[in-house]
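Asks: File follows, run_14.cif with mmCIF, C-alpha atoms:
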data_query
#
loop_
_atom_site.label_atom_id
_atom_site.label_comp_id
_atom_site.auth_asym_id
_atom_site.auth_seq_id
_atom_site.Cartn_x
_atom_site.Cartn_y
_atom_site.Cartn_z
CA MET O 1 -13.17 -7.70 1.88
CA SER O 2 -12.07 -10.54 4.21
CA THR O 3 -13.68 -11.22 7.61
CA LYS O 4 -10.38 -10.40 9.30
CA ARG O 5 -10.31 -6.93 7.79
CA LEU O 6 -13.94 -6.30 8.75
CA LYS O 7 -13.10 -7.20 12.34
CA ILE O 8 -10.20 -4.71 12.33
CA LEU O 9 -12.51 -2.00 10.97
CA THR O 10 -15.19 -2.76 13.54
CA THR O 11 -12.63 -2.66 16.37
CA LEU O 12 -11.38 0.72 15.20
CA CYS O 13 -14.94 2.08 15.08
CA CYS O 14 -15.49 0.84 18.63
CA LEU O 15 -12.50 2.92 19.74
CA PHE O 16 -14.57 6.00 18.97
CA PRO O 17 -14.84 7.61 22.41
CA CYS O 18 -18.61 8.00 22.48
CA PHE O 19 -18.51 8.08 26.27
CA LEU O 20 -16.46 11.27 26.12
CA ILE O 21 -18.99 13.33 24.18
CA GLY O 22 -20.88 14.69 27.21
CA GLN O 23 -20.97 18.48 26.92
CA ALA O 24 -17.89 18.76 24.78
CA ASP O 25 -17.49 21.19 21.91
CA TYR O 26 -17.60 19.97 18.35
CA LEU O 27 -16.84 21.22 14.88
CA VAL O 28 -17.86 19.77 11.53
CA GLY O 29 -16.10 20.90 8.41
CA LEU O 30 -14.52 20.21 5.05
CA LEU O 31 -10.83 19.36 4.59
CA PRO O 32 -9.85 19.22 0.92
CA THR O 33 -6.18 18.50 0.15
CA VAL O 34 -4.08 18.35 -2.99
CA ASN O 35 -0.72 16.62 -2.54
CA LEU O 36 1.92 16.73 -5.26
CA ASN O 37 5.01 14.53 -5.02
CA TYR O 38 7.90 15.17 -7.39
CA LYS O 39 10.73 12.63 -7.75
CA LEU O 40 14.23 13.96 -8.12
CA ASP O 41 17.54 12.16 -8.69
CA ASN O 42 19.49 10.17 -6.11
CA ASN O 43 16.37 9.12 -4.15
CA TRP O 44 15.37 12.70 -3.32
CA SER O 45 11.80 13.92 -3.71
CA LEU O 46 9.80 17.08 -3.07
CA ASN O 47 6.32 17.02 -1.63
CA SER O 48 4.04 20.01 -1.90
CA LYS O 49 0.64 20.16 -0.26
CA VAL O 50 -2.25 22.61 -0.26
CA GLU O 51 -4.92 22.03 2.36
CA SER O 52 -7.93 24.15 3.17
CA ARG O 53 -10.50 24.04 5.93
CA GLY O 54 -14.12 25.08 5.71
CA LEU O 55 -16.52 25.25 8.61
CA LEU O 56 -19.97 23.69 8.25
CA GLU O 57 -21.16 23.69 11.85
CA GLU O 58 -19.87 24.06 15.37
CA GLY O 59 -21.42 23.89 18.78
CA THR O 60 -21.62 21.95 22.03
CA PHE O 61 -23.01 18.46 22.40
CA GLY O 62 -26.10 18.35 24.56
CA LEU O 63 -26.94 22.03 24.04
CA GLU O 64 -29.33 23.55 21.52
CA ASN O 65 -27.04 25.13 18.98
CA GLN O 66 -27.72 28.34 17.12
CA GLY O 67 -26.23 26.89 13.95
CA SER O 68 -23.25 28.29 12.12
CA ASP O 69 -22.65 29.96 8.82
CA VAL O 70 -20.67 27.92 6.34
CA SER O 71 -17.37 29.74 6.29
CA TYR O 72 -13.75 29.51 5.24
CA ILE O 73 -11.25 28.88 8.06
CA LEU O 74 -7.72 28.64 6.71
CA THR O 75 -5.35 27.34 4.03
CA ASP O 76 -2.02 25.58 4.52
CA PHE O 77 0.80 25.50 1.98
CA SER O 78 3.64 23.11 2.71
CA LEU O 79 6.84 22.03 1.01
CA ILE O 80 8.83 19.04 2.23
CA ALA O 81 12.09 17.60 0.90
CA ALA O 82 12.56 13.86 1.44
CA LYS O 83 15.46 11.46 1.05
CA LYS O 84 14.75 7.76 0.64
CA PHE O 85 16.92 5.29 2.53
CA GLY O 86 16.84 1.57 1.94
CA LEU O 87 13.75 0.10 0.36
CA ALA O 88 10.96 2.14 1.94
CA SER O 89 12.24 4.58 4.58
CA LYS O 90 12.30 8.33 4.18
CA ILE O 91 13.67 11.18 6.22
CA SER O 92 12.05 14.53 5.43
CA ALA O 93 12.15 18.13 6.47
CA GLY O 94 10.05 21.06 5.39
CA TYR O 95 8.08 24.15 6.04
CA LEU O 96 4.40 25.02 6.21
CA SER O 97 2.67 28.41 5.94
CA ARG O 98 -0.80 28.74 7.38
CA PHE O 99 -2.96 31.63 6.19
CA ARG O 100 -5.62 32.17 8.85
CA GLU O 101 -7.80 35.25 9.19
CA ASP O 102 -5.34 38.14 9.32
CA GLU O 103 -2.26 36.22 10.29
CA ILE O 104 0.35 33.93 8.81
CA VAL O 105 1.52 31.03 10.94
CA HIS O 106 4.85 29.34 10.29
CA ARG O 107 5.63 25.70 10.97
CA LEU O 108 8.85 23.71 10.65
CA ILE O 109 8.44 19.97 10.05
CA GLN O 110 10.78 17.00 10.50
CA GLN O 111 9.51 13.57 9.58
CA TYR O 112 10.52 9.91 9.36
CA THR O 113 8.37 7.35 7.53
CA VAL O 114 8.67 3.66 6.78
CA VAL O 115 6.23 1.74 4.59
CA GLN O 116 5.99 -2.03 4.89
CA GLN O 117 4.65 -4.16 2.06
CA LEU O 118 2.99 -7.05 3.86
CA PRO O 119 1.46 -10.08 2.06
CA THR O 120 -2.05 -8.64 1.71
CA TYR O 121 -1.79 -4.95 2.67
CA ARG O 122 0.62 -2.05 3.23
CA LEU O 123 1.41 -0.55 6.61
CA SER O 124 3.13 2.75 7.26
CA HIS O 125 4.65 4.30 10.37
CA ARG O 126 5.21 8.04 10.51
CA VAL O 127 6.94 10.04 13.25
CA VAL O 128 6.77 13.81 12.98
CA ALA O 129 8.17 16.63 15.06
CA ASP O 130 6.89 20.11 14.28
CA GLN O 131 7.35 23.58 15.69
CA THR O 132 4.67 26.23 15.10
CA PHE O 133 5.23 29.97 15.39
CA SER O 134 2.34 32.39 15.31
CA PRO O 135 2.20 36.15 15.99
CA SER O 136 -0.76 35.74 18.35
CA GLU O 137 0.28 32.66 20.35
CA SER O 138 3.30 31.13 22.09
CA PRO O 139 5.33 28.69 20.02
CA GLU O 140 3.87 25.19 19.97
CA PHE O 141 5.99 22.05 19.87
CA ARG O 142 4.44 18.76 18.82
CA LEU O 143 5.55 15.14 18.53
CA ARG O 144 3.31 12.89 16.44
CA TYR O 145 3.10 9.19 15.63
CA ARG O 146 0.78 7.79 12.98
CA ILE O 147 0.12 4.24 11.89
CA ALA O 148 -1.79 3.84 8.65
CA SER O 149 -2.68 0.92 6.44
CA GLU O 150 -3.85 0.55 2.88
CA LEU O 151 -6.08 -2.50 2.40
CA PRO O 152 -6.98 -3.51 -1.15
CA PHE O 153 -10.52 -4.63 -1.87
CA GLU O 154 -9.27 -6.89 -4.65
CA GLY O 155 -6.23 -9.08 -4.83
CA GLN O 156 -3.23 -8.82 -2.56
CA SER O 157 -2.21 -5.31 -3.56
CA THR O 158 -3.92 -2.18 -4.83
CA ASP O 159 -3.63 -1.72 -8.59
CA PRO O 160 -4.78 1.13 -10.88
CA SER O 161 -8.57 1.32 -11.33
CA GLU O 162 -9.16 -0.36 -7.97
CA PHE O 163 -10.65 0.81 -4.69
CA TYR O 164 -8.95 0.44 -1.34
CA LEU O 165 -9.52 1.24 2.30
CA LYS O 166 -7.08 3.46 4.16
CA LEU O 167 -7.16 3.46 7.96
CA GLY O 168 -5.09 5.90 9.95
CA ASN O 169 -4.59 6.42 13.68
CA GLU O 170 -2.44 9.26 14.94
CA TYR O 171 -1.35 10.50 18.35
CA LEU O 172 -0.16 14.10 18.75
CA GLY O 173 1.46 15.33 21.94
CA SER O 174 1.88 19.08 22.15
CA VAL O 175 3.46 21.62 24.47
CA GLN O 176 2.65 25.31 24.26
CA GLY O 177 3.98 27.53 27.00
CA SER O 178 2.99 25.78 30.22
CA ASP O 179 0.12 23.90 28.57
CA TYR O 180 0.32 20.37 27.24
CA ASP O 181 -2.23 18.35 25.37
CA LEU O 182 -2.80 15.04 23.60
CA GLU O 183 -4.83 14.78 20.41
CA ILE O 184 -5.98 11.51 18.90
CA ARG O 185 -7.04 11.16 15.27
CA LEU O 186 -8.94 8.36 13.55
CA VAL O 187 -9.06 8.51 9.78
CA PRO O 188 -10.99 5.92 7.75
CA MET O 189 -10.89 6.72 4.04
CA LEU O 190 -12.19 5.12 0.88
CA GLY O 191 -9.54 5.44 -1.79
CA TYR O 192 -9.43 4.96 -5.54
CA TYR O 193 -6.25 4.30 -7.48
CA ILE O 194 -7.03 6.47 -10.52
CA SER O 195 -3.81 5.80 -12.41
CA PRO O 196 -0.21 4.79 -11.59
CA ASN O 197 0.44 8.41 -10.54
CA GLN O 198 -2.85 9.50 -8.98
CA LYS O 199 -4.94 8.47 -6.02
CA ALA O 200 -8.12 10.01 -4.63
CA GLU O 201 -9.50 9.50 -1.14
CA LEU O 202 -12.70 10.47 0.61
CA GLY O 203 -13.56 9.89 4.23
CA LEU O 204 -13.67 11.10 7.78
CA ASP O 205 -10.83 12.71 9.70
CA TYR O 206 -11.98 12.57 13.32
CA ARG O 207 -9.95 14.40 15.96
CA VAL O 208 -10.39 14.63 19.69
CA ARG O 209 -8.24 16.75 21.96
CA SER O 210 -8.13 17.79 25.57
CA PHE O 211 -10.24 14.74 26.36
CA LEU O 212 -8.80 14.44 29.83
CA THR O 213 -9.97 17.94 30.78
CA SER O 214 -13.32 19.68 30.70
CA ASP O 215 -12.24 21.42 27.52
CA THR O 216 -12.73 18.41 25.21
CA ARG O 217 -13.15 19.22 21.57
CA HIS O 218 -14.28 16.83 18.83
CA THR O 219 -13.61 17.73 15.22
CA PHE O 220 -15.19 15.91 12.30
CA TRP O 221 -13.58 16.77 8.98
CA MET O 222 -14.92 15.43 5.71
CA SER O 223 -11.55 14.79 4.16
CA MET O 224 -11.01 14.78 0.41
CA ASN O 225 -7.48 13.99 -0.76
CA TRP O 226 -5.95 14.00 -4.21
CA TYR O 227 -2.43 12.60 -4.50
CA ILE O 228 -0.42 13.24 -7.65
CA SER O 229 3.04 11.82 -8.25
CA ILE O 230 5.35 13.10 -10.97
CA MET U 1 -28.53 9.59 -21.65
CA THR U 2 -26.86 6.95 -23.82
CA ARG U 3 -23.95 5.06 -22.32
CA ARG U 4 -21.18 3.79 -24.51
CA LYS U 5 -20.52 0.10 -23.90
CA PHE U 6 -16.97 -1.04 -24.33
CA LYS U 7 -16.42 -4.34 -26.09
CA TYR U 8 -14.13 -6.87 -24.40
CA GLY U 9 -11.33 -6.17 -26.90
CA GLN U 10 -11.49 -2.42 -26.21
CA MET U 11 -11.36 -2.99 -22.44
CA LYS U 12 -8.35 -5.24 -22.92
CA CYS U 13 -6.60 -2.44 -24.88
CA VAL U 14 -7.39 0.02 -22.11
CA ARG U 15 -5.92 -2.37 -19.54
CA TYR U 16 -2.70 -2.83 -21.50
CA ALA U 17 -2.52 0.95 -21.99
CA VAL U 18 -2.67 1.36 -18.21
CA ILE U 19 0.09 -1.24 -17.80
CA LEU U 20 2.31 0.47 -20.38
CA THR U 21 1.65 3.92 -18.89
CA PHE U 22 2.58 2.51 -15.48
CA LEU U 23 5.88 1.23 -16.85
CA LEU U 24 6.58 4.52 -18.63
CA PHE U 25 6.22 6.56 -15.45
CA THR U 26 7.91 4.17 -13.06
CA SER U 27 10.88 2.79 -15.01
CA GLY U 28 14.01 3.80 -13.14
CA SER U 29 17.63 3.98 -14.20
CA CYS U 30 18.17 0.20 -13.86
CA LEU U 31 18.08 -0.92 -17.49
CA SER U 32 19.58 -4.35 -17.00
CA ALA U 33 16.50 -5.92 -15.36
CA GLN U 34 13.02 -6.10 -16.81
CA HIS U 35 10.23 -4.59 -14.76
CA LYS U 36 7.80 -7.02 -13.17
CA TYR U 37 4.31 -5.72 -13.48
CA GLU U 38 1.32 -7.77 -12.39
CA LYS U 39 -2.25 -6.73 -11.73
CA GLU U 40 -4.32 -9.27 -9.88
CA SER U 41 -8.01 -9.39 -9.14
CA ARG U 42 -9.82 -11.80 -6.89
CA ILE U 43 -12.31 -13.95 -8.79
CA LYS U 44 -14.81 -16.69 -7.97
CA SER U 45 -14.07 -20.33 -8.74
CA SER U 46 -17.03 -20.28 -11.15
CA GLU U 47 -15.00 -17.93 -13.38
CA VAL U 48 -12.10 -20.40 -13.67
CA PRO U 49 -11.76 -22.94 -16.56
CA SER U 50 -12.97 -26.42 -15.61
CA SER U 51 -9.60 -28.06 -16.38
CA ALA U 52 -7.93 -25.82 -13.79
CA LEU U 53 -10.64 -26.60 -11.22
CA GLN U 54 -10.25 -30.34 -11.89
CA PHE U 55 -6.48 -30.18 -11.30
CA ILE U 56 -6.98 -28.44 -7.96
CA GLU U 57 -9.75 -30.87 -6.92
CA LYS U 58 -7.36 -33.81 -7.44
CA LEU U 59 -5.04 -32.32 -4.80
CA ASN U 60 -7.74 -32.91 -2.12
CA ILE U 61 -7.07 -29.63 -0.35
CA ASN U 62 -9.12 -29.17 2.80
CA ARG U 63 -8.22 -25.49 3.26
CA LYS U 64 -9.67 -22.37 1.66
CA ILE U 65 -8.57 -21.77 -1.95
CA LYS U 66 -8.40 -18.21 -3.29
CA TRP U 67 -8.56 -17.68 -7.04
CA TYR U 68 -7.04 -14.68 -8.81
CA LEU U 69 -6.94 -13.40 -12.37
CA GLU U 70 -3.45 -12.11 -13.08
CA GLU U 71 -2.70 -9.65 -15.84
CA SER U 72 0.82 -8.92 -17.02
CA LEU U 73 2.56 -7.99 -20.24
CA GLU U 74 2.87 -11.72 -20.99
CA GLY U 75 -0.90 -12.03 -20.92
CA GLU U 76 -3.54 -13.25 -18.47
CA SER U 77 -3.45 -16.26 -16.21
CA TYR U 78 -5.41 -17.83 -13.38
CA GLU U 79 -3.80 -18.46 -10.02
CA ALA U 80 -4.98 -20.59 -7.13
CA LYS U 81 -3.47 -19.85 -3.73
CA PHE U 82 -3.82 -22.11 -0.71
CA LYS U 83 -1.96 -23.74 2.15
CA MET U 84 -1.09 -27.42 1.99
CA ASN U 85 1.10 -29.46 4.35
CA GLY U 86 1.80 -26.25 6.22
CA LYS U 87 3.26 -24.49 3.17
CA LYS U 88 1.88 -21.73 0.95
CA HIS U 89 1.17 -22.94 -2.58
CA SER U 90 0.44 -21.02 -5.74
CA VAL U 91 -0.72 -22.87 -8.85
CA GLU U 92 -0.80 -20.98 -12.13
CA PHE U 93 -2.87 -21.83 -15.22
CA ASP U 94 -3.10 -20.17 -18.61
CA ARG U 95 -6.36 -18.76 -20.01
CA SER U 96 -7.41 -22.18 -21.30
CA GLY U 97 -6.87 -23.77 -17.88
CA MET U 98 -3.63 -25.55 -18.78
CA LEU U 99 -1.15 -25.87 -15.91
CA GLN U 100 1.84 -23.50 -16.14
CA ASP U 101 3.61 -24.06 -12.82
CA VAL U 102 3.30 -24.76 -9.12
CA GLU U 103 5.18 -22.58 -6.64
CA ILE U 104 5.74 -23.55 -3.03
CA LYS U 105 7.13 -21.10 -0.50
CA ILE U 106 10.14 -22.61 1.27
CA LYS U 107 12.74 -21.46 3.77
CA THR U 108 16.08 -20.28 2.42
CA LYS U 109 17.95 -22.83 4.55
CA SER U 110 16.03 -25.72 2.98
CA MET U 111 17.70 -25.11 -0.41
CA PRO U 112 20.59 -27.50 -1.21
CA SER U 113 23.90 -25.91 -0.14
CA GLN U 114 25.36 -26.08 -3.65
CA VAL U 115 22.34 -24.23 -5.04
CA LYS U 116 22.49 -21.65 -2.24
CA SER U 117 26.18 -21.07 -2.90
CA SER U 118 25.65 -20.58 -6.65
CA ILE U 119 22.74 -18.17 -6.01
CA LYS U 120 24.82 -16.23 -3.51
CA GLN U 121 27.57 -15.78 -6.10
CA THR U 122 25.10 -14.23 -8.54
CA LEU U 123 23.59 -11.94 -5.91
CA ASP U 124 27.03 -10.87 -4.63
CA ALA U 125 27.96 -9.88 -8.19
CA ASP U 126 24.72 -7.99 -8.80
CA CYS U 127 24.26 -6.23 -5.46
CA LYS U 128 26.46 -4.23 -3.10
CA LYS U 129 24.30 -5.64 -0.32
CA HIS U 130 21.39 -8.05 -0.51
CA LYS U 131 18.80 -9.82 1.59
CA ILE U 132 16.65 -12.72 0.44
CA CYS U 133 13.03 -11.89 1.33
CA LYS U 134 11.21 -14.91 -0.12
CA VAL U 135 12.06 -18.23 -1.79
CA GLN U 136 9.61 -20.24 -3.86
CA LYS U 137 10.40 -23.62 -5.33
CA GLN U 138 8.80 -23.79 -8.77
CA TYR U 139 7.74 -27.00 -10.49
CA SER U 140 6.60 -27.17 -14.11
CA GLY U 141 5.98 -29.91 -16.65
CA ASP U 142 3.27 -32.39 -17.51
CA ALA U 143 0.20 -31.80 -15.33
CA ASN U 144 -0.12 -35.53 -14.40
CA ILE U 145 3.55 -35.70 -13.35
CA ILE U 146 3.14 -32.57 -11.21
CA LEU U 147 0.03 -34.12 -9.60
CA GLU U 148 2.06 -37.22 -8.74
CA LEU U 149 4.87 -35.03 -7.38
CA MET U 150 2.45 -33.20 -5.09
CA GLY U 151 0.93 -36.50 -3.89
CA LYS U 152 2.20 -38.52 -0.94
CA LYS U 153 4.28 -40.93 -3.03
CA GLY U 154 6.07 -38.40 -5.21
CA THR U 155 7.26 -39.29 -8.72
CA SER U 156 10.33 -40.55 -10.56
CA ARG U 157 9.16 -39.08 -13.85
CA PRO U 158 10.86 -35.94 -15.22
CA TYR U 159 9.79 -32.41 -14.35
CA ILE U 160 11.46 -29.00 -14.18
CA THR U 161 12.53 -27.45 -10.88
CA ARG U 162 13.43 -23.79 -10.50
CA TYR U 163 13.88 -21.32 -7.67
CA GLU U 164 12.08 -17.96 -7.71
CA ILE U 165 13.66 -15.61 -5.21
CA THR U 166 12.59 -12.14 -4.09
CA VAL U 167 15.66 -10.14 -3.10
CA LYS U 168 16.14 -6.73 -1.51
CA CYS U 169 19.15 -5.54 -3.48
CA LYS U 170 21.24 -2.44 -2.87
CA LYS U 171 22.91 -1.07 -6.02
CA GLU U 172 24.57 2.21 -6.89
CA GLU U 173 21.26 3.78 -7.83
CA GLY U 174 19.53 2.70 -4.63
CA THR U 175 17.74 -0.22 -3.00
CA SER U 176 14.97 -2.07 -4.80
CA LEU U 177 13.17 -5.41 -4.81
CA TYR U 178 14.05 -7.88 -7.54
CA GLU U 179 12.63 -11.25 -8.51
CA TYR U 180 15.35 -13.69 -9.62
CA LEU U 181 14.78 -17.04 -11.34
CA PHE U 182 17.42 -19.77 -11.03
CA ASP U 183 17.48 -23.34 -12.33
CA ASP U 184 17.72 -26.42 -10.10
CA GLN U 185 21.53 -26.02 -9.91
CA GLY U 186 21.32 -22.36 -8.92
CA LYS U 187 22.27 -21.10 -12.36
CA PHE U 188 20.85 -17.66 -13.21
CA ILE U 189 17.94 -17.58 -15.71
CA GLN U 190 16.40 -14.11 -15.48
CA VAL U 191 15.75 -11.13 -13.20
CA ALA U 192 12.94 -8.57 -13.04
CA LYS U 193 12.67 -5.45 -10.93
CA ILE U 194 9.54 -5.36 -8.78
CA VAL U 195 7.79 -2.02 -9.17
CA ILE U 196 6.37 -0.73 -5.90
CA ASN U 197 3.19 1.31 -6.24
CA ASN U 198 3.07 4.94 -5.24
CA THR U 199 3.13 5.35 -1.43
CA SER U 200 2.75 9.12 -0.99
CA ASN U 201 -0.78 8.66 0.40
CA LEU U 202 0.75 6.68 3.27
CA GLU U 203 3.71 8.99 3.83
CA TYR U 204 2.06 12.41 3.88
#
Go through the file and emit its structure as structure tokens.
Replies:
Amino acid sequence: MSTKRLKILTTLCCLFPCFLIGQADYLVGLLPTVNLNYKLDNNWSLNSKVESRGLLEEGTFGLENQGSDVSYILTDFSLIAAKKFGLASKISAGYLSRFREDEIVHRLIQQYTVVQQLPTYRLSHRVVADQTFSPSESPEFRLRYRIASELPFEGQSTDPSEFYLKLGNEYLGSVQGSDYDLEIRLVPMLGYYISPNQKAELGLDYRVRSFLTSDTRHTFWMSMNWYISI
Amino acid sequence: MTRRKFKYGQMKCVRYAVILTFLLFTSGSCLSAQHKYEKESRIKSSEVPSSALQFIEKLNINRKIKWYLEESLEGESYEAKFKMNGKKHSVEFDRSGMLQDVEIKIKTKSMPSQVKSSIKQTLDADCKKHKICKVQKQYSGDANIILELMGKKGTSRPYITRYEITVKCKKEEGTSLYEYLFDDQGKFIQVAKIVINNTSNLEY
């Protein structure tokens, strides 16, 4: 990997808000995802995703924690229809069902993405608006922006049977009732291009929210992604 | 536990199988253009044939040179990429180290107007809408003549000049990237559709 890319990686790591840990709550868990993308005619495609969450540990920084039982948290099923415009832009809309404890949460999703093929790496921009409806909470409205890049370890582009580094940074603003919040996510992943239609990724999905209040929560997901394209 | 070792020939077959599988799953409805498939891996200069290294040394480049092994359906080749006189250069050699061509990235406006006009006619006929993304001037011929050409004095000896152009082209079936090759008068030689790798891991 080039020196320039190492510097970018180091800078991103330094953005980790260590100074905000204090007595904040934390959660460590597993986040496996299977993502299936199906191409249709006329530049339409369908994307289906199944994502689960498993809890490994939770507690409060700075306090002696009792430890937690490894337990299942929830599973999301989503289906998104996308239409490609131009070379690499897509407008999408879809629906997500979240099965959590005894309730089902519903989410509507609208999304715009553009992927740029730069000389030595790919860069994507994603803007998402989603509306979440749950029987036990007020509706939540979120606006999200994510920038992500795929950096090949070899050559100027990622080819089958090669590893790559994926770095993502996302900002989520949410409004629920009279409450508003900002969540920041940092996602460094090691990816492997299994075949022309499959990619696998493993890494950390770090999330911090409510960091401007005394209710700060840090979440560390071990993220495992499998992307299949048909 | 015994591990099966693959011989070089078997690995080569596996690689071509991957390339063919890639083409099978990604070939779209555009049947008039070939698909351009290239897999490149960064290699060390010690892995490059000496004749290729000697050619590059004669250019007296004082910038970093990156070497790549390129695999395509036409076979394997070595490519040296560097910057010289402020322009990006790419020098391609075959497996034995024999020079195939030199490509220099140039600005669209630096092409002769007659050539630009001829190229535009071809693109207007092929595409509903188009945008030239990259232009490379390609030189091929005798290695010594090409060395003279790339030197300060140039050469009066014969060599072949072509233009390799990457175009964003909108057709009935959608917008894609194509690589066009034109001769020194702007006459069309061939076109290949550039296959973009799966991006769902960046979109979702």
Asks: Might you spell out which residues the PyMOL selection byres ((chain U and resi 69) around 12) would select in the displayed file, as an MDAnalysis selection string?
Replies: (chainID O and resid 154:156) or (chainID U and resid 38:45 47:49 66:68 70:72 75:81 91:95 97)
Asks: Translate the PyMOL selection byres ((chain O and resi 175-190) around 9) into a concrete residue list for this structure, as a PDB file with C-alpha atoms, in the frame of the given file.
Replies:
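Produced file part-v4.pdb, reproduced below:
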ATOM      1  CA  LEU O   9     -12.510  -2.000  10.970  1.00  0.00           C
ATOM      2  CA  LEU O  12     -11.380   0.720  15.200  1.00  0.00           C
ATOM      3  CA  CYS O  13     -14.940   2.080  15.080  1.00  0.00           C
ATOM      4  CA  LEU O  15     -12.500   2.920  19.740  1.00  0.00           C
ATOM      5  CA  PHE O  16     -14.570   6.000  18.970  1.00  0.00           C
ATOM      6  CA  GLU O 137       0.280  32.660  20.350  1.00  0.00           C
ATOM      7  CA  SER O 138       3.300  31.130  22.090  1.00  0.00           C
ATOM      8  CA  PRO O 139       5.330  28.690  20.020  1.00  0.00           C
ATOM      9  CA  GLU O 140       3.870  25.190  19.970  1.00  0.00           C
ATOM     10  CA  PHE O 141       5.990  22.050  19.870  1.00  0.00           C
ATOM     11  CA  ARG O 142       4.440  18.760  18.820  1.00  0.00           C
ATOM     12  CA  ARG O 146       0.780   7.790  12.980  1.00  0.00           C
ATOM     13  CA  ALA O 148      -1.790   3.840   8.650  1.00  0.00           C
ATOM     14  CA  PHE O 163     -10.650   0.810  -4.690  1.00  0.00           C
ATOM     15  CA  TYR O 164      -8.950   0.440  -1.340  1.00  0.00           C
ATOM     16  CA  LEU O 165      -9.520   1.240   2.300  1.00  0.00           C
ATOM     17  CA  LYS O 166      -7.080   3.460   4.160  1.00  0.00           C
ATOM     18  CA  LEU O 167      -7.160   3.460   7.960  1.00  0.00           C
ATOM     19  CA  GLY O 168      -5.090   5.900   9.950  1.00  0.00           C
ATOM     20  CA  ASN O 169      -4.590   6.420  13.680  1.00  0.00           C
ATOM     21  CA  GLU O 170      -2.440   9.260  14.940  1.00  0.00           C
ATOM     22  CA  TYR O 171      -1.350  10.500  18.350  1.00  0.00           C
ATOM     23  CA  LEU O 172      -0.160  14.100  18.750  1.00  0.00           C
ATOM     24  CA  GLY O 173       1.460  15.330  21.940  1.00  0.00           C
ATOM     25  CA  SER O 174       1.880  19.080  22.150  1.00  0.00           C
ATOM     26  CA  GLY O 191      -9.540   5.440  -1.790  1.00  0.00           C
ATOM     27  CA  TYR O 192      -9.430   4.960  -5.540  1.00  0.00           C
ATOM     28  CA  ALA O 200      -8.120  10.010  -4.630  1.00  0.00           C
ATOM     29  CA  GLU O 201      -9.500   9.500  -1.140  1.00  0.00           C
ATOM     30  CA  LEU O 202     -12.700  10.470   0.610  1.00  0.00           C
ATOM     31  CA  GLY O 203     -13.560   9.890   4.230  1.00  0.00           C
ATOM     32  CA  LEU O 204     -13.670  11.100   7.780  1.00  0.00           C
ATOM     33  CA  ASP O 205     -10.830  12.710   9.700  1.00  0.00           C
ATOM     34  CA  TYR O 206     -11.980  12.570  13.320  1.00  0.00           C
ATOM     35  CA  ARG O 207      -9.950  14.400  15.960  1.00  0.00           C
ATOM     36  CA  VAL O 208     -10.390  14.630  19.690  1.00  0.00           C
ATOM     37  CA  ARG O 209      -8.240  16.750  21.960  1.00  0.00           C
ATOM     38  CA  SER O 210      -8.130  17.790  25.570  1.00  0.00           C
ATOM     39  CA  PHE O 211     -10.240  14.740  26.360  1.00  0.00           C
ATOM     40  CA  LEU O 212      -8.800  14.440  29.830  1.00  0.00           C
ATOM     41  CA  SER O 223     -11.550  14.790   4.160  1.00  0.00           C
ATOM     42  CA  MET O 224     -11.010  14.780   0.410  1.00  0.00           C
TER      43      MET O 224
END
Asks: Could the residues of chain O within 7 Å of chain U, counting only C-alpha atoms, be given as a VMD selection string, please?
Replies: chain O and resid 42 86 to 87 113 124 126 148 154 to 155 159 196 to 197 227
Asks: Considering all atoms listed in the file, can you say which of O:Trp226, O:Trp44, O:Phe99, O:Tyr38 comes closest to O:Ser134?
Replies: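 Between O:Trp226, O:Trp44, O:Phe99, O:Tyr38, the residue approaching O:Ser134 most closely is O:Phe99.
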Asks: From (-0.7, -8.1, -0.1), in the file's coordinates, out to 6 Å: which residues are reached, counting only C-alpha atoms? Answer as a PDB file with C-alpha atoms, in the frame of the given file.
Replies:
ATOM      1  CA  LEU O 118       2.990  -7.050   3.860  1.00  0.00           C
ATOM      2  CA  PRO O 119       1.460 -10.080   2.060  1.00  0.00           C
ATOM      3  CA  THR O 120      -2.050  -8.640   1.710  1.00  0.00           C
ATOM      4  CA  TYR O 121      -1.790  -4.950   2.670  1.00  0.00           C
ATOM      5  CA  GLN O 156      -3.230  -8.820  -2.560  1.00  0.00           C
ATOM      6  CA  SER O 157      -2.210  -5.310  -3.560  1.00  0.00           C
TER       7      SER O 157
END
Asks: Tell me, in Å to one decimal, how far atom CA of U:Leu53 is from atom CA of U:Ala143.
Replies: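 Taking atom CA of U:Leu53 and atom CA of U:Ala143, their separation equals 12.7 Å.
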Asks: Would you pick out the contacts of O:Tyr112 at 12 Å or less, using all atoms listed in the file, so that residues sharing its chain but fewer than 4 positions from it are not included, and give the list as a list in words?
Replies: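 Selected residues are Ile80, Ala81, Ala82, Lys83, Lys84, Phe85, Ala88, Ser89, Lys90, Ile91, Ser92, Ala93, Gly94, Ser124, His125, Arg126, Val127, Val128, Ala129, Asp130, Leu143, Arg144, Tyr145 and Arg146 of chain O; Leu202, Glu203 and Tyr204 of chain U.
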Asks: Name the residues that the PyMOL selection byres ((chain O and resi 58) around 7) pulls out of this structure, and write them as number ranges by chain.
Replies: O: 26-28, 57, 59, 68
Asks: Which polymer residues have any atom within 8 Å of an atom of O:Leu79, counting only C-alpha atoms, with same-chain residues fewer than 6 positions away left out, as a list in words?
Replies: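 In the requested form, the answer reads Leu46, Asn47, Ser48, Lys49, Gly94, Tyr95 and Leu96 of chain O.
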Asks: Those residues you just picked out, can you put them in a file as a compact mmCIF listing (two decimals), in the frame of the given file with C-alpha atoms?
Replies:
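result-v2.txt, freshly written:
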# COMPACT_ATOMS: atom_id res chain seq x y z
CA LEU O 46 9.80 17.08 -3.07
CA ASN O 47 6.32 17.02 -1.63
CA SER O 48 4.04 20.01 -1.90
CA LYS O 49 0.64 20.16 -0.26
CA GLY O 94 10.05 21.06 5.39
CA TYR O 95 8.08 24.15 6.04
CA LEU O 96 4.40 25.02 6.21
